[in-house]
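So this one's my_file13.cif, mmCIF, C-alpha atoms and all ligand atoms:
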```cif
data_upload
loop_
_atom_site.label_atom_id
_atom_site.label_comp_id
_atom_site.auth_asym_id
_atom_site.auth_seq_id
_atom_site.Cartn_x
_atom_site.Cartn_y
_atom_site.Cartn_z
CA MET A 9 0.00 0.00 0.00
CA SER A 10 1.37 3.47 -0.90
CA ARG A 11 2.12 5.84 1.91
CA ILE A 12 0.95 9.41 2.15
CA PHE A 13 2.22 12.17 4.40
CA SER A 14 0.94 15.69 4.87
CA GLY A 15 1.53 18.49 7.31
CA ILE A 16 -0.43 21.48 8.50
CA GLN A 17 0.74 24.43 10.55
CA PRO A 18 -0.91 24.93 13.94
CA SER A 19 -2.69 28.09 12.88
CA GLY A 20 -5.56 27.43 15.34
CA GLU A 21 -8.98 27.13 13.83
CA LEU A 22 -9.43 25.45 10.46
CA HIS A 23 -11.25 27.52 7.85
CA VAL A 24 -13.34 26.54 4.85
CA GLY A 25 -10.25 27.00 2.61
CA ASN A 26 -8.07 24.41 4.37
CA TYR A 27 -11.10 22.24 4.99
CA LEU A 28 -12.03 22.01 1.28
CA GLY A 29 -8.50 22.37 -0.07
CA ALA A 30 -6.79 19.87 2.21
CA VAL A 31 -8.46 18.27 5.21
CA LYS A 32 -11.58 16.88 3.51
CA ASN A 33 -9.29 15.21 1.01
CA TRP A 34 -7.17 13.72 3.81
CA VAL A 35 -10.28 12.25 5.39
CA SER A 36 -11.07 10.33 2.22
CA LEU A 37 -7.44 9.36 1.55
CA GLN A 38 -6.96 7.78 4.99
CA ALA A 39 -9.18 4.92 3.84
CA GLN A 40 -7.04 4.20 0.76
CA PHE A 41 -3.45 4.76 1.94
CA GLU A 42 -1.26 4.22 4.93
CA SER A 43 -1.51 7.80 6.16
CA PHE A 44 0.56 10.13 8.35
CA PHE A 45 -0.76 13.60 9.22
CA CYS A 46 1.41 15.94 11.21
CA ILE A 47 0.79 19.24 12.98
CA VAL A 48 4.06 20.97 12.15
CA ASN A 49 4.88 23.08 15.18
CA TYR A 50 8.62 23.23 14.42
CA HIS A 51 7.72 24.93 11.14
CA ALA A 52 5.51 27.38 13.01
CA ILE A 53 8.39 28.68 15.14
CA THR A 54 10.34 29.93 12.10
CA VAL A 55 8.48 33.24 12.45
CA PRO A 56 7.86 35.25 15.66
CA TYR A 57 5.25 33.68 18.01
CA GLU A 58 4.06 33.44 21.63
CA PRO A 59 4.53 30.10 23.45
CA ASP A 60 1.08 30.09 25.09
CA ASP A 61 -0.55 30.90 21.79
CA LEU A 62 1.32 28.15 20.01
CA ARG A 63 0.30 25.59 22.64
CA ARG A 64 -3.37 26.55 22.31
CA ARG A 65 -3.28 26.65 18.51
CA THR A 66 -1.66 23.23 18.36
CA ARG A 67 -4.39 21.69 20.48
CA ASP A 68 -7.14 23.54 18.57
CA MET A 69 -5.74 22.26 15.29
CA ALA A 70 -5.75 18.70 16.61
CA ILE A 71 -9.38 19.13 17.68
CA GLY A 72 -10.32 20.61 14.28
CA LEU A 73 -8.68 17.74 12.41
CA LEU A 74 -10.25 15.04 14.56
CA ALA A 75 -13.64 16.74 14.38
CA SER A 76 -13.36 16.95 10.57
CA GLY A 77 -13.06 13.18 10.42
CA LEU A 78 -9.40 12.19 10.71
CA ASP A 79 -9.68 8.86 12.44
CA PRO A 80 -6.79 7.86 14.73
CA LYS A 81 -7.58 4.22 13.99
CA ARG A 82 -6.98 4.72 10.30
CA CYS A 83 -4.11 7.20 10.28
CA ALA A 84 -1.32 8.48 12.47
CA LEU A 85 -2.20 12.01 13.59
CA PHE A 86 0.59 13.58 15.62
CA VAL A 87 2.53 16.68 16.61
CA GLN A 88 5.94 17.12 14.98
CA SER A 89 7.85 17.99 18.17
CA GLN A 90 6.72 14.69 19.72
CA VAL A 91 8.69 12.73 17.11
CA PRO A 92 12.30 13.94 17.52
CA GLU A 93 13.48 12.04 14.42
CA HIS A 94 12.05 14.88 12.27
CA THR A 95 14.65 17.39 13.41
CA GLU A 96 17.41 14.81 13.46
CA LEU A 97 16.85 13.91 9.82
CA ALA A 98 16.46 17.59 8.95
CA TRP A 99 20.00 18.27 10.19
CA ILE A 100 21.33 15.43 8.07
CA PHE A 101 19.46 16.76 5.02
CA ASN A 102 20.87 20.26 5.62
CA THR A 103 24.23 18.81 4.65
CA LEU A 104 22.84 17.61 1.31
CA THR A 105 20.80 20.67 0.26
CA PRO A 106 22.36 23.27 -2.04
CA LEU A 107 22.00 26.76 -0.56
CA GLY A 108 20.90 28.17 -3.91
CA GLU A 109 17.84 25.87 -3.93
CA LEU A 110 16.73 27.32 -0.60
CA GLU A 111 17.33 30.94 -1.55
CA ARG A 112 15.11 30.70 -4.60
CA GLN A 113 12.04 29.27 -2.81
CA THR A 114 9.12 31.63 -3.42
CA GLN A 115 7.71 31.21 0.09
CA PHE A 116 11.06 32.08 1.63
CA LYS A 117 11.28 35.25 -0.44
CA GLU A 118 7.73 36.26 0.50
CA LYS A 119 8.02 35.48 4.20
CA SER A 120 11.53 36.89 4.66
CA GLY A 121 10.38 40.18 3.09
CA ARG A 122 7.92 40.56 5.97
CA GLN A 123 10.49 39.99 8.77
CA GLU A 124 12.73 42.55 10.39
CA GLN A 125 15.38 39.92 10.95
CA VAL A 126 15.39 36.65 9.03
CA MET A 127 16.45 33.59 11.01
CA ALA A 128 18.20 30.59 9.47
CA GLY A 129 15.21 28.38 10.37
CA LEU A 130 13.06 30.23 7.85
CA LEU A 131 15.56 29.51 5.08
CA ASN A 132 15.83 25.87 6.15
CA TYR A 133 12.06 25.41 6.47
CA PRO A 134 11.81 23.28 3.30
CA VAL A 135 14.62 21.00 4.50
CA LEU A 136 12.56 20.15 7.58
CA GLN A 137 9.59 19.60 5.28
CA ALA A 138 11.67 17.17 3.19
CA ALA A 139 12.62 15.35 6.42
CA ASP A 140 8.92 15.16 7.43
CA ILE A 141 8.00 13.42 4.21
CA LEU A 142 11.06 11.22 3.65
CA LEU A 143 11.14 10.00 7.26
CA TYR A 144 8.06 7.96 6.35
CA ARG A 145 9.35 7.27 2.83
CA ALA A 146 5.99 8.61 1.60
CA ASP A 147 5.21 8.37 -2.11
CA LEU A 148 2.41 10.92 -2.20
CA VAL A 149 1.86 14.25 -0.47
CA PRO A 150 -1.66 15.70 -0.58
CA VAL A 151 -1.21 19.50 -0.57
CA GLY A 152 -2.34 22.67 -2.29
CA GLU A 153 -0.53 24.19 -5.27
CA ASP A 154 1.43 26.54 -3.02
CA GLN A 155 3.50 23.55 -1.82
CA VAL A 156 4.62 22.23 -5.21
CA GLN A 157 7.98 24.04 -5.11
CA HIS A 158 8.73 22.69 -1.63
CA LEU A 159 8.07 19.19 -2.92
CA GLU A 160 10.49 19.70 -5.79
CA LEU A 161 13.11 20.41 -3.18
CA SER A 162 12.17 17.22 -1.29
CA ARG A 163 12.85 15.30 -4.49
CA VAL A 164 16.24 16.97 -4.90
CA VAL A 165 17.14 15.97 -1.34
CA ALA A 166 15.95 12.38 -1.89
CA ARG A 167 17.93 12.18 -5.13
CA ASN A 168 21.11 13.60 -3.55
CA TRP A 169 20.92 11.26 -0.59
CA ASN A 170 20.23 8.22 -2.78
CA ALA A 171 23.07 9.08 -5.17
CA ARG A 172 25.55 9.36 -2.34
CA PHE A 173 24.44 6.62 0.09
CA ALA A 174 22.27 4.19 -1.88
CA PRO A 175 23.66 4.30 -5.40
CA ASP A 176 22.48 0.81 -6.40
CA ALA A 177 18.89 0.79 -5.19
CA PRO A 178 17.21 4.08 -4.16
CA PHE A 179 16.22 4.09 -0.49
CA PHE A 180 14.02 7.19 -0.51
CA PRO A 181 11.18 7.42 -3.04
CA GLU A 182 10.85 10.81 -4.77
CA PRO A 183 7.58 12.10 -3.33
CA GLN A 184 4.93 13.44 -5.69
CA PRO A 185 2.28 16.06 -4.87
CA LYS A 186 -1.29 14.87 -4.90
CA LEU A 187 -3.22 18.04 -5.69
CA THR A 188 -6.81 18.35 -4.52
CA PRO A 189 -9.60 19.01 -7.01
CA THR A 190 -10.40 22.23 -5.10
CA ARG A 191 -7.03 23.90 -5.40
CA ARG A 192 -7.60 27.43 -4.23
CA ILE A 193 -10.63 28.62 -2.31
CA VAL A 194 -11.14 32.36 -2.66
CA GLY A 195 -11.77 34.36 0.51
CA LEU A 196 -14.93 36.30 1.37
CA ASP A 197 -13.33 39.43 -0.11
CA GLY A 198 -13.68 37.73 -3.52
CA GLN A 199 -10.02 38.45 -4.29
CA ALA A 200 -7.22 36.68 -2.43
CA LYS A 201 -7.00 33.04 -1.36
CA MET A 202 -8.90 32.34 1.83
CA SER A 203 -6.30 32.73 4.55
CA LYS A 204 -6.35 33.37 8.26
CA SER A 205 -3.78 36.18 7.97
CA LEU A 206 -6.03 38.06 5.53
CA GLY A 207 -9.14 37.91 7.73
CA ASN A 208 -11.31 36.69 4.82
CA THR A 209 -12.21 33.27 6.22
CA ILE A 210 -15.16 31.29 7.52
CA GLY A 211 -13.98 29.13 10.44
CA ILE A 212 -15.45 25.63 10.34
CA LEU A 213 -16.23 25.76 14.07
CA GLU A 214 -17.90 29.17 14.09
CA SER A 215 -21.50 29.52 15.27
CA PRO A 216 -24.27 29.61 12.64
CA GLU A 217 -24.88 33.30 13.49
CA ALA A 218 -21.21 34.21 13.05
CA ILE A 219 -21.10 32.31 9.75
CA TRP A 220 -24.14 34.16 8.42
CA ASP A 221 -22.71 37.52 9.52
CA LYS A 222 -19.64 36.80 7.40
CA LEU A 223 -21.41 35.20 4.46
CA ARG A 224 -24.07 37.91 4.03
CA PRO A 225 -21.63 40.68 2.97
CA ALA A 226 -19.32 38.30 0.99
CA VAL A 227 -18.26 39.61 -2.44
CA THR A 228 -20.13 38.06 -5.40
CA ASP A 229 -20.00 38.76 -9.18
CA PRO A 230 -18.61 42.34 -9.14
CA ALA A 231 -20.41 43.24 -12.39
CA ARG A 232 -23.79 42.57 -10.77
CA GLN A 233 -24.75 45.86 -9.12
CA ARG A 234 -28.44 45.25 -8.40
CA LYS A 235 -30.86 42.36 -8.34
CA SER A 236 -32.25 43.21 -11.80
CA ASP A 237 -28.79 42.77 -13.40
CA PRO A 238 -28.23 39.21 -14.64
CA GLY A 239 -25.24 37.64 -12.84
CA ASP A 240 -22.50 35.30 -14.03
CA PRO A 241 -22.18 32.32 -11.66
CA ASP A 242 -18.64 31.63 -12.95
CA LYS A 243 -17.56 35.05 -11.68
CA CYS A 244 -19.14 34.53 -8.25
CA PRO A 245 -17.00 32.60 -5.75
CA VAL A 246 -20.04 32.05 -3.53
CA ILE A 247 -21.63 30.03 -6.34
CA TYR A 248 -18.75 28.43 -8.19
CA GLN A 249 -16.85 27.45 -5.08
CA LEU A 250 -19.05 27.31 -2.01
CA HIS A 251 -22.38 26.21 -3.51
CA ARG A 252 -20.57 23.64 -5.64
CA ALA A 253 -18.75 22.30 -2.60
CA PHE A 254 -21.64 22.18 -0.15
CA SER A 255 -25.00 22.23 -1.97
CA PRO A 256 -26.70 19.31 -3.72
CA PRO A 257 -26.57 19.48 -7.56
CA GLU A 258 -30.27 20.49 -7.83
CA THR A 259 -29.63 23.52 -5.63
CA VAL A 260 -26.56 24.47 -7.66
CA SER A 261 -28.58 24.41 -10.94
CA GLU A 262 -31.41 26.35 -9.36
CA VAL A 263 -29.06 29.00 -7.99
CA GLU A 264 -27.22 29.34 -11.30
CA ALA A 265 -30.46 29.75 -13.27
CA ASN A 266 -31.83 32.33 -10.83
CA CYS A 267 -28.56 34.27 -10.90
CA ARG A 268 -28.34 34.32 -14.71
CA GLY A 269 -32.04 35.18 -14.99
CA ALA A 270 -31.79 37.96 -12.36
CA LYS A 271 -34.59 36.29 -10.42
CA TRP A 272 -32.74 36.01 -7.13
CA GLY A 273 -30.61 38.59 -5.43
CA CYS A 274 -27.24 37.63 -3.99
CA VAL A 275 -28.64 37.44 -0.46
CA ASP A 276 -31.23 34.90 -1.66
CA CYS A 277 -28.42 32.87 -3.15
CA LYS A 278 -26.42 33.03 0.08
CA ASN A 279 -29.49 32.03 2.02
CA ALA A 280 -29.78 28.90 -0.10
CA LEU A 281 -26.13 28.10 0.73
CA LEU A 282 -26.50 28.56 4.46
CA ALA A 283 -28.55 25.42 5.16
CA PRO A 284 -26.31 22.88 3.38
CA LEU A 285 -23.18 24.61 4.69
CA LEU A 286 -24.42 24.45 8.28
CA ALA A 287 -25.64 20.88 7.77
CA GLU A 288 -22.13 19.76 6.84
CA LEU A 289 -20.45 21.72 9.61
CA ALA A 290 -22.91 20.92 12.44
CA PRO A 291 -21.58 17.42 13.17
CA VAL A 292 -18.01 18.74 12.95
CA ARG A 293 -18.87 21.39 15.53
CA GLU A 294 -20.50 18.83 17.78
CA ARG A 295 -17.49 16.53 17.70
CA ALA A 296 -15.21 19.48 18.40
CA ALA A 297 -17.29 20.50 21.42
CA SER A 298 -17.08 17.03 22.88
CA LEU A 299 -13.30 16.90 22.35
CA GLU A 300 -12.90 20.33 23.92
CA ALA A 301 -14.71 19.06 27.00
CA ASN A 302 -12.19 16.22 27.13
CA PRO A 303 -8.66 17.61 26.87
CA GLY A 304 -7.10 14.45 28.32
CA GLN A 305 -8.52 12.41 25.45
CA VAL A 306 -6.97 14.71 22.84
CA ASP A 307 -3.54 14.43 24.50
CA GLU A 308 -3.85 10.65 24.57
CA LEU A 309 -4.81 10.45 20.92
CA LEU A 310 -1.84 12.63 19.94
CA ALA A 311 0.54 10.63 22.12
CA SER A 312 -0.52 7.36 20.54
CA GLY A 313 -0.33 8.95 17.08
CA ALA A 314 3.27 9.94 17.83
CA GLU A 315 4.04 6.39 19.01
CA LYS A 316 2.69 4.96 15.77
CA ALA A 317 4.70 7.45 13.71
CA ARG A 318 7.89 6.80 15.70
CA VAL A 319 7.93 3.12 14.83
CA VAL A 320 8.45 4.04 11.18
CA ALA A 321 10.57 7.12 11.92
CA ARG A 322 13.09 5.17 14.01
CA GLU A 323 13.42 2.49 11.38
CA THR A 324 14.19 5.02 8.62
CA LEU A 325 16.64 7.00 10.72
CA HIS A 326 18.44 3.84 11.78
CA GLU A 327 18.96 2.85 8.15
CA VAL A 328 20.11 6.38 7.29
CA LYS A 329 22.67 6.51 10.09
CA VAL A 330 24.06 3.07 9.34
CA ARG A 331 24.64 4.00 5.72
CA MET A 332 26.17 7.36 6.61
CA GLY A 333 28.62 6.06 9.20
CA LEU A 334 26.87 7.71 12.15
CA PRO A 335 26.85 5.58 15.34
CA GLU A 336 23.60 5.47 17.34
CA GLN A 337 23.00 5.37 21.04
CA ARG A 338 22.06 1.88 22.13
P1 LIG A 401 -1.97 26.37 5.73
O1 LIG A 401 -3.23 26.76 6.40
O2 LIG A 401 -1.42 27.45 4.85
O3 LIG A 401 -0.95 25.70 6.62
O4 LIG A 401 -2.38 25.25 4.68
C1 LIG A 401 -2.78 23.95 5.05
C2 LIG A 401 -3.26 23.21 3.83
O5 LIG A 401 -4.47 23.79 3.35
C3 LIG A 401 -2.26 23.25 2.65
O6 LIG A 401 -2.30 22.00 1.98
C4 LIG A 401 -2.81 24.35 1.78
O7 LIG A 401 -2.46 24.16 0.42
C5 LIG A 401 -4.33 24.24 2.02
N1 LIG A 401 -5.01 25.54 1.91
C6 LIG A 401 -4.85 26.62 2.72
N2 LIG A 401 -5.64 27.66 2.32
C7 LIG A 401 -6.32 27.22 1.22
C8 LIG A 401 -7.29 27.81 0.34
N3 LIG A 401 -7.72 29.06 0.49
N4 LIG A 401 -7.75 27.06 -0.67
C9 LIG A 401 -7.33 25.78 -0.85
N5 LIG A 401 -6.43 25.18 -0.07
C10 LIG A 401 -5.92 25.87 0.96
N1 LIG A 402 4.68 23.87 4.43
C1 LIG A 402 3.37 23.29 4.57
C2 LIG A 402 2.30 24.39 4.54
O1 LIG A 402 2.59 25.52 4.86
C3 LIG A 402 3.24 22.50 5.85
C4 LIG A 402 4.10 21.28 5.84
C5 LIG A 402 5.20 21.05 6.63
C6 LIG A 402 3.94 20.13 5.01
N2 LIG A 402 5.72 19.82 6.36
C7 LIG A 402 4.99 19.23 5.38
C8 LIG A 402 3.04 19.78 4.00
C9 LIG A 402 5.15 18.00 4.73
C10 LIG A 402 3.19 18.54 3.38
C11 LIG A 402 4.24 17.67 3.74
O2 LIG A 402 1.16 24.10 4.23
#
```

Output the file's structure as structure tokens, nothing else.
Amino acid sequence: MSRIFSGIQPSGELHVGNYLGAVKNWVSLQAQFESFFCIVNYHAITVPYEPDDLRRRTRDMAIGLLASGLDPKRCALFVQSQVPEHTELAWIFNTLTPLGELERQTQFKEKSGRQEQVMAGLLNYPVLQAADILLYRADLVPVGEDQVQHLELSRVVARNWNARFAPDAPFFPEPQPKLTPTRRIVGLDGQAKMSKSLGNTIGILESPEAIWDKLRPAVTDPARQRKSDPGDPDKCPVIYQLHRAFSPPETVSEVEANCRGAKWGCVDCKNALLAPLLAELAPVRERAASLEANPGQVDELLASGAEKARVVARETLHEVKVRMGLPEQR
């Protein structure tokens, strides 16, 4: 069975963008592949942060993922810092990664532009990501398009290591991205990608009232000024992304016809979205509430996820050290 690995930063609450673009896909993949899902807190500390915040966001992310349907019986769900082999392998990979490859990473250029002082960890971020994936010798990595360049680097690292230490039979597979059908969910501003830092999100655990307060003013087809103007559903992210993701096909056709025919206003259209959206999120919210009432259970699940991951992680690192001439503690 092929292995998949994916990581998510502990940004706190999941939003509809990561839910549709990543997590929902993970939930269906866990049934088909041997799956490892990691909350990457060592990646999160490459930019300024507060320890108490990070702790809370890590736990909230775990709750969001479990509530969305990641099943600890079917996958290993764990926190990166609880599996020390990640950082150990990352150091080893640092010695096999050309500096130029790191300096030309788009995300590094973007993020470093926003910092007063750029720390080495930010530059080496993709090396840790390569270690995350290769530690499990994963073949496939379900991610959004923004991660494709990082995965190219993971393949370079795998290739360099194989060439040097396993020239006859490659030890590390070269991991391929597995892009989701929904690649980029647009935010409620109708412009940028939905992202917590831009404040254009709907959180999957928000109350129905809070969701409606955000959805009601969401940007639709900009050319449609008033109800009597016919709209173009393909220019309206509420229709072409959210209705198509959450509403049954009959509702989608009805909404499209009423938009084109100027029969419904945009608020009517959003109203028709609200029920199916809330219907999908209600059970997620319920599961999250019960996990929140049970913090001990969440810690246990994460600890046993880390145990499961470590079995594979130790095995890989052992093989790596043997081949590289690095003695291990017994
Ligand atoms: P992040 O929240 O940036 O750590 O991303 C976690 C995962 O969700 C990654 O696989 C991203 O590609 C995906 N993702 C984040 N925001 C969006 C979005 N607006 N649309 C689609 N996928 C997204
Ligand atoms: N860089 C990824 C992101 O920002 C998170 C991540 C870290 C990741 N390690 C990974 C994703 C390994 C896939 C595989 O979304």

Using all atoms listed in the file, what does the table of chain A residues within 10 Å of ligand LIG 402 (chain A) look like, with each row giving the shortest atom pair and its distance in Å to one decimal, sorted by chain and ascending number, as a tab-separated table?
```
residue	atom	partner	partner_atom	distance
A:Ile12	CA	A:LIG402	C11	9.0
A:Phe13	CA	A:LIG402	C11	5.9
A:Ser14	CA	A:LIG402	C10	3.9
A:Gly15	CA	A:LIG402	C6	3.7
A:Ile16	CA	A:LIG402	C3	4.6
A:Gln17	CA	A:LIG402	C3	5.7
A:Pro18	CA	A:LIG402	C3	9.4
A:Ser19	CA	A:LIG402	O1	9.9
A:Asn26	CA	A:LIG402	O2	9.2
A:Ala30	CA	A:LIG402	O2	9.2
A:Phe44	CA	A:LIG402	C11	9.6
A:Phe45	CA	A:LIG402	C11	8.5
A:Cys46	CA	A:LIG402	N2	7.6
A:Ile47	CA	A:LIG402	C5	7.9
A:Val48	CA	A:LIG402	C5	5.6
A:Asn49	CA	A:LIG402	C5	8.8
A:Tyr50	CA	A:LIG402	C5	8.8
A:His51	CA	A:LIG402	C5	6.5
A:Ala52	CA	A:LIG402	O1	8.9
A:Gln88	CA	A:LIG402	N2	9.0
A:His94	CA	A:LIG402	N2	10.0
A:Gln115	CA	A:LIG402	O1	9.0
A:Tyr133	CA	A:LIG402	N1	7.8
A:Pro134	CA	A:LIG402	N1	7.2
A:Val135	CA	A:LIG402	N2	9.2
A:Leu136	CA	A:LIG402	N2	7.0
A:Gln137	CA	A:LIG402	N2	4.0
A:Ala138	CA	A:LIG402	C9	6.8
A:Ala139	CA	A:LIG402	C9	8.1
A:Asp140	CA	A:LIG402	C9	5.4
A:Ile141	CA	A:LIG402	C9	5.4
A:Leu142	CA	A:LIG402	C9	9.1
A:Ala146	CA	A:LIG402	C11	9.5
A:Leu148	CA	A:LIG402	C11	9.2
A:Val149	CA	A:LIG402	C10	5.9
A:Pro150	CA	A:LIG402	C10	6.9
A:Val151	CA	A:LIG402	C10	6.0
A:Gly152	CA	A:LIG402	O2	7.5
A:Glu153	CA	A:LIG402	O2	9.6
A:Asp154	CA	A:LIG402	O2	7.7
A:Gln155	CA	A:LIG402	N1	6.4
A:Val156	CA	A:LIG402	C10	9.5
A:His158	CA	A:LIG402	N1	7.4
A:Leu159	CA	A:LIG402	C11	7.8
A:Ser162	CA	A:LIG402	C9	9.3
A:Pro183	CA	A:LIG402	C11	9.6
A:Pro185	CA	A:LIG402	C10	8.7
```

Original post:
How many Å separate CA of Val330 (chain A) from CA of Leu97 (chain A)?
Top reply: 13.0 Å

Original post:
What does the distance between CA of Glu118 (chain A) and CA of Pro106 (chain A) come to in Å, to one decimal place?
Top reply: 19.7 Å

Subject >> Selection: 12 Å around Lys222 (chain A), all atoms listed in the file, excl. self and same-chain fewer than 4 positions, as a ChimeraX atom specification >> reply: /A:195-197,207-211,214-218,226-227,246,275,278,282

Original post:
Residues around (-28.2, 21.8, 4.6), cut-off 12 Å, counting only C-alpha atoms - what are they as a PyMOL selection string?
Top reply: chain A and resi 216+251+253-256+259+279-291

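What separates CA of Thr190 (chain A) from CA of Tyr27 (chain A) is a distance of 10.1 Å.
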
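Proximity of A:Asn102, A:Thr188, A:Gln123, A:Asn168 to ligand LIG 401 (chain A), computed with all atoms listed in the file, is greatest for A:Thr188.
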
**OP:** Find, counting only C-alpha atoms and all ligand atoms, the residue in A:Lys201, A:Ala297, A:Pro241, A:Glu111 that gets nearest to ligand LIG 401 (chain A).
**Re:** A:Lys201

Within 9 Å of Ala296 (chain A), counting all atoms listed in the file, which residues show up once you throw out same-chain ones fewer than 5 positions away? Write them as a tab-separated table (two decimals) with C-alpha atoms, in the coordinates of the input, please.
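Just written: part25.tsv:
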```tsv
chain	number	residue	atom	x	y	z
A	71	ILE	CA	-9.38	19.13	17.68
A	72	GLY	CA	-10.32	20.61	14.28
A	74	LEU	CA	-10.25	15.04	14.56
A	75	ALA	CA	-13.64	16.74	14.38
A	76	SER	CA	-13.36	16.95	10.57
A	213	LEU	CA	-16.23	25.76	14.07
A	291	PRO	CA	-21.58	17.42	13.17
A	301	ALA	CA	-14.71	19.06	27.00
```

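Among the candidates A:Ala166, A:Leu161, A:Leu62, A:Val194, the residue lying nearest to ligand LIG 401 (chain A) is A:Val194 (atoms considered: all atoms listed in the file).
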
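With all atoms listed in the file as the atoms that count, the minimum distance from ligand LIG 401 (chain A) to the choices A:Glu93, A:Gln38, A:Gly198, A:Asn302 is reached by A:Gly198.
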
**OP:** Tell me which of A:Glu327, A:Glu300, A:Cys83, A:Leu107 sits closest to Arg64 (chain A), counting all atoms listed in the file.
**Re:** A:Glu300

Original post:
Using only C-alpha atoms and all ligand atoms, which of A:Arg65, A:Arg234, A:Lys204, A:Arg167 sits nearest ligand LIG 401 (chain A)?
Top reply: A:Lys204

Around region 114-121 of chain A, fit a box with edges along x, y and z, padding it by 8 Å on each side, then list its centre and edge lengths in Å to one decimal as AutoDock Vina command-line options.
```
--center_x 9.6 --center_y 35.7 --center_z 0.6 --size_x 19.8 --size_y 25.0 --size_z 24.1
```

Subject >> Spatial neighbours of Pro178 (chain A), 9 Å, all atoms listed in the file, chain gap at least 4 places, as a PyMOL selection string >> reply: chain A and resi 166-167+169-171+173-174

Please provide the set of residues having any atom within 9 Å of Glu96 (chain A), restricted to only C-alpha atoms, with same-chain residues fewer than 4 positions apart removed, written as a PDB file with C-alpha atoms, in the frame of the given file.
```
ATOM      1  CA  PRO A  92      12.300  13.940  17.520  1.00  0.00           C
ATOM      2  CA  ILE A 100      21.330  15.430   8.070  1.00  0.00           C
ATOM      3  CA  PHE A 101      19.460  16.760   5.020  1.00  0.00           C
ATOM      4  CA  ALA A 139      12.620  15.350   6.420  1.00  0.00           C
ATOM      5  CA  LEU A 325      16.640   7.000  10.720  1.00  0.00           C
TER       6      LEU A 325
END
```
